[in-house]
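Read the structure below first, then the notes.
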Amino acid sequence: GENVEQHPSTLSVQEGDSAVIKCTYSDSASNYFPWYKQELGKGPQLIIDIRSNVGEKKDQRIAVTLNKTAKHFSLHITETQPEDSAVYFCAASDNQAGTALIFGKGTTLSVSS
Amino acid sequence: NAGVTQTPKFRVLKTGQSMTLLCAQDMNHEYMYWYRQDPGMGLRLIHYSVGEGTTAKGEVPDGYNVSRLKKQNFLLGLESAAPSQTSVYFCASSSTSGSGDTQYFGPGTRLTVL
């Protein structure tokens with residue numbers, strides 16, 4: 001089945017800096033790659049996703065890139081703000097399970113002002 | 001529109017006790033999922049359902065049972081709780097296959113088994 005590795009596990013940046021979180025996946029058949037943000041005490045919330053027929057997607061300060069050949073995808077947050085502090089999870093579709101997402105272990109992002 | 005709700009929010013059990021976690025969604029979604037979240041482990045799929053009356057095993061199904069008698073509800077049961085089941089449990093739903101559509105998560109249930 002699919003396996004997703006996520007790095008780094010923790011990331012500290014100054015307000016206004018950029019943050020990059022990277023994930024690799026194992027199953028070349030995976031075709032859907034969402035990113036979730038989890039604030040303390042809450043459930044994960046989708047912030048951006050990308051499909052295998054697209055190389056890059058942007059939404060204001062957030063962007064995701066996908067390299068199918070290398071089987072890795074990354075989340076880029078520009079002009080970070082204190083409210084970006086949270087745990088971020090990447091995920092990849094598990095085509096063997098048909099409907100499941102396999103999640104990375106998460107990155108705790110801290111933005112200090 | 002409440003989205004995905006979970007009951008209860010917190011629970012403490014003794015080893016061997018049983019309980020049921022309730023998940024409800026009001027978005028008319030076909031697919032529903034139960035995940036557990038442990039420190040440093042991310043989210044792991046326990047069981048899922050692709051429609052009313054259906055269930056299937058996920059990555060870590062042992063010790064859990066589920067039922068989907070109504071489209072809007074997905075129940076997770078622990079028949080004989082063990083300390084290893086101490087975790088935060090999240091329910092999610094999606095309108096189509098979660099491997100291609102947004103999964104909406106509930107607020108979670110924090111379970112402690114003593």
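A note on labels: chains of the structure tokens are A, B, ... as shown, every chain counts residues from 1, and ligands are counted from 1 in their shown order.
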
(request) Provide as an NGL selection string the residues of chain A at most 12 Å from chain B, counting only C-alpha atoms. (result) :A and (1-6 or 8-10 or 29-52 or 87-108)

(message) Excluding Asn28 (chain B) and its own-chain neighbours fewer than 5 positions away, which residues fall within 12 Å of it when counting only C-alpha atoms? Please give them as a list of chain:residue names.
(response) B:Asn1, B:Ala2, B:Gly3, B:Val4, B:Gly51, B:Glu52, B:Lys70, B:Lys71, B:Gln72, B:Asn73, B:Ser93, B:Ser94, B:Ser95, B:Thr96

Can I get the selection written as an mmCIF file, in the first residue's frame, with all heavy atoms?
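In the end it all went to again.cif:
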```cif
data_model
loop_
_atom_site.group_PDB
_atom_site.id
_atom_site.type_symbol
_atom_site.label_atom_id
_atom_site.label_comp_id
_atom_site.auth_asym_id
_atom_site.auth_seq_id
_atom_site.Cartn_x
_atom_site.Cartn_y
_atom_site.Cartn_z
ATOM 1 N N ASN B 1 -26.122 24.527 9.348
ATOM 2 C CA ASN B 1 -25.311 23.430 8.805
ATOM 3 C C ASN B 1 -24.145 23.157 9.746
ATOM 4 O O ASN B 1 -23.179 23.890 9.788
ATOM 5 C CB ASN B 1 -24.798 23.824 7.428
ATOM 6 C CG ASN B 1 -24.191 22.649 6.689
ATOM 7 O OD1 ASN B 1 -23.822 21.663 7.300
ATOM 8 N ND2 ASN B 1 -24.106 22.759 5.388
ATOM 9 N N ALA B 2 -24.240 22.077 10.547
ATOM 10 C CA ALA B 2 -23.237 21.813 11.572
ATOM 11 C C ALA B 2 -22.012 21.106 11.009
ATOM 12 O O ALA B 2 -20.985 21.060 11.659
ATOM 13 C CB ALA B 2 -23.843 20.976 12.692
ATOM 14 N N GLY B 3 -22.106 20.498 9.804
ATOM 15 C CA GLY B 3 -20.970 19.769 9.256
ATOM 16 C C GLY B 3 -20.878 18.388 9.873
ATOM 17 O O GLY B 3 -21.835 17.632 9.868
ATOM 18 N N VAL B 4 -19.715 18.073 10.442
ATOM 19 C CA VAL B 4 -19.488 16.779 11.086
ATOM 20 C C VAL B 4 -19.410 16.998 12.594
ATOM 21 O O VAL B 4 -18.604 17.821 13.053
ATOM 22 C CB VAL B 4 -18.183 16.124 10.577
ATOM 23 C CG1 VAL B 4 -17.967 14.785 11.287
ATOM 24 C CG2 VAL B 4 -18.238 15.931 9.068
ATOM 25 N N GLY B 51 -21.175 3.942 1.945
ATOM 26 C CA GLY B 51 -22.601 4.205 1.816
ATOM 27 C C GLY B 51 -23.362 3.530 2.941
ATOM 28 O O GLY B 51 -22.821 2.684 3.667
ATOM 29 N N GLU B 52 -24.623 3.899 3.067
ATOM 30 C CA GLU B 52 -25.471 3.320 4.115
ATOM 31 C C GLU B 52 -25.452 1.801 4.033
ATOM 32 O O GLU B 52 -25.599 1.230 2.959
ATOM 33 C CB GLU B 52 -26.897 3.842 3.926
ATOM 34 C CG GLU B 52 -27.878 3.372 4.967
ATOM 35 C CD GLU B 52 -29.267 3.984 4.735
ATOM 36 O OE1 GLU B 52 -29.339 5.180 4.429
ATOM 37 O OE2 GLU B 52 -30.269 3.236 4.852
ATOM 38 N N LYS B 70 -27.687 4.385 9.218
ATOM 39 C CA LYS B 70 -28.274 5.540 8.565
ATOM 40 C C LYS B 70 -27.170 6.288 7.826
ATOM 41 O O LYS B 70 -26.034 6.341 8.284
ATOM 42 C CB LYS B 70 -28.937 6.469 9.575
ATOM 43 C CG LYS B 70 -30.141 5.885 10.281
ATOM 44 C CD LYS B 70 -30.753 6.933 11.219
ATOM 45 C CE LYS B 70 -31.985 6.392 11.914
ATOM 46 N NZ LYS B 70 -32.602 7.400 12.821
ATOM 47 N N LYS B 71 -27.510 6.891 6.721
ATOM 48 C CA LYS B 71 -26.530 7.576 5.894
ATOM 49 C C LYS B 71 -25.792 8.654 6.668
ATOM 50 O O LYS B 71 -24.593 8.857 6.482
ATOM 51 C CB LYS B 71 -27.223 8.197 4.679
ATOM 52 C CG LYS B 71 -26.278 8.844 3.681
ATOM 53 C CD LYS B 71 -27.055 9.373 2.487
ATOM 54 C CE LYS B 71 -26.121 9.964 1.454
ATOM 55 N NZ LYS B 71 -26.859 10.467 0.268
ATOM 56 N N GLN B 72 -26.479 9.343 7.562
ATOM 57 C CA GLN B 72 -25.868 10.474 8.231
ATOM 58 C C GLN B 72 -25.055 10.091 9.458
ATOM 59 O O GLN B 72 -24.368 10.937 10.023
ATOM 60 C CB GLN B 72 -26.952 11.493 8.625
ATOM 61 C CG GLN B 72 -27.966 11.002 9.641
ATOM 62 C CD GLN B 72 -29.197 10.389 8.987
ATOM 63 O OE1 GLN B 72 -29.115 9.791 7.917
ATOM 64 N NE2 GLN B 72 -30.342 10.576 9.633
ATOM 65 N N ASN B 73 -25.136 8.838 9.900
ATOM 66 C CA ASN B 73 -24.450 8.441 11.131
ATOM 67 C C ASN B 73 -23.448 7.316 10.895
ATOM 68 O O ASN B 73 -23.703 6.391 10.108
ATOM 69 C CB ASN B 73 -25.464 7.958 12.185
ATOM 70 C CG ASN B 73 -26.389 9.058 12.649
ATOM 71 O OD1 ASN B 73 -26.075 10.230 12.544
ATOM 72 N ND2 ASN B 73 -27.556 8.671 13.146
ATOM 73 N N SER B 93 -16.068 12.872 6.646
ATOM 74 C CA SER B 93 -16.987 12.473 5.587
ATOM 75 C C SER B 93 -16.597 13.157 4.291
ATOM 76 O O SER B 93 -15.928 14.203 4.304
ATOM 77 C CB SER B 93 -18.436 12.805 5.961
ATOM 78 O OG SER B 93 -18.658 14.213 5.938
ATOM 79 N N SER B 94 -17.007 12.552 3.174
ATOM 80 C CA SER B 94 -16.778 13.163 1.860
ATOM 81 C C SER B 94 -17.909 12.759 0.932
ATOM 82 O O SER B 94 -18.550 11.729 1.128
ATOM 83 C CB SER B 94 -15.424 12.748 1.276
ATOM 84 O OG SER B 94 -15.378 11.361 1.020
ATOM 85 N N SER B 95 -18.130 13.592 -0.084
ATOM 86 C CA SER B 95 -19.268 13.341 -0.954
ATOM 87 C C SER B 95 -18.984 12.210 -1.927
ATOM 88 O O SER B 95 -19.882 11.480 -2.314
ATOM 89 C CB SER B 95 -19.642 14.607 -1.723
ATOM 90 O OG SER B 95 -18.558 15.024 -2.531
ATOM 91 N N THR B 96 -17.725 12.070 -2.334
ATOM 92 C CA THR B 96 -17.338 10.953 -3.188
ATOM 93 C C THR B 96 -16.131 10.297 -2.554
ATOM 94 O O THR B 96 -15.858 10.508 -1.385
ATOM 95 C CB THR B 96 -17.015 11.434 -4.619
ATOM 96 O OG1 THR B 96 -15.982 12.422 -4.549
ATOM 97 C CG2 THR B 96 -18.241 12.032 -5.273
#
```

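Every protein, DNA or RNA residue with an atom at most 10 Å from Ser112 (chain A), where only C-alpha atoms count and chain neighbours fewer than 5 positions away do not, is listed here: Ser12, Val13, Gln14, Glu15, Gly16, Asp17, Thr80, Gln81, Pro82, Glu83, Asp84 and Ser85 of chain A.
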
(request) Find the residues near Gly55 (chain A): any atom within 8 Å, counting only C-alpha atoms, skip ones fewer than 5 places away on the same chain, and give them as JSON, numbers by chain. (result) {"A": [50, 65, 66, 67]}

Can you write out the residues you just picked, keeping all heavy atoms, as an mmCIF file, in the first residue's frame?
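The result, written out as part-v1.cif:
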```
data_model
loop_
_atom_site.group_PDB
_atom_site.id
_atom_site.type_symbol
_atom_site.label_atom_id
_atom_site.label_comp_id
_atom_site.auth_asym_id
_atom_site.auth_seq_id
_atom_site.Cartn_x
_atom_site.Cartn_y
_atom_site.Cartn_z
ATOM 1 N N ILE A 50 -3.909 19.019 -4.695
ATOM 2 C CA ILE A 50 -3.419 18.995 -6.061
ATOM 3 C C ILE A 50 -3.619 17.594 -6.627
ATOM 4 O O ILE A 50 -3.528 16.605 -5.899
ATOM 5 C CB ILE A 50 -1.930 19.423 -6.124
ATOM 6 C CG1 ILE A 50 -1.498 19.691 -7.572
ATOM 7 C CG2 ILE A 50 -1.032 18.399 -5.456
ATOM 8 C CD1 ILE A 50 -0.159 20.406 -7.674
ATOM 9 N N THR A 65 3.373 22.158 -4.838
ATOM 10 C CA THR A 65 4.022 21.683 -6.054
ATOM 11 C C THR A 65 4.089 20.172 -6.022
ATOM 12 O O THR A 65 4.187 19.563 -4.946
ATOM 13 C CB THR A 65 5.440 22.268 -6.189
ATOM 14 O OG1 THR A 65 6.210 21.878 -5.033
ATOM 15 C CG2 THR A 65 5.414 23.779 -6.286
ATOM 16 N N LEU A 66 4.036 19.571 -7.180
ATOM 17 C CA LEU A 66 4.050 18.116 -7.296
ATOM 18 C C LEU A 66 5.058 17.698 -8.346
ATOM 19 O O LEU A 66 5.053 18.219 -9.465
ATOM 20 C CB LEU A 66 2.655 17.601 -7.673
ATOM 21 C CG LEU A 66 2.545 16.119 -8.038
ATOM 22 C CD1 LEU A 66 2.860 15.244 -6.834
ATOM 23 C CD2 LEU A 66 1.161 15.813 -8.585
ATOM 24 N N ASN A 67 5.941 16.771 -7.980
ATOM 25 C CA ASN A 67 6.897 16.183 -8.913
ATOM 26 C C ASN A 67 6.573 14.692 -8.990
ATOM 27 O O ASN A 67 6.963 13.914 -8.120
ATOM 28 C CB ASN A 67 8.330 16.416 -8.427
ATOM 29 C CG ASN A 67 9.366 15.893 -9.408
ATOM 30 O OD1 ASN A 67 9.161 14.878 -10.061
ATOM 31 N ND2 ASN A 67 10.482 16.585 -9.515
#
```

(message) Among chain A, which residues does DSSP mark as strand (DSSP E) when it is run on the backbone? Keep the chain and numbering as in the structure and answer as a ChimeraX atom specification.
(response) /A:4-7,10-14,19-25,32-38,45-51,56-59,62-67,72-77,86-94,100-103,107-112

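Taking CA of Lys68 (chain A) and CA of Lys22 (chain A) as endpoints, the distance between them is 13.5 Å.
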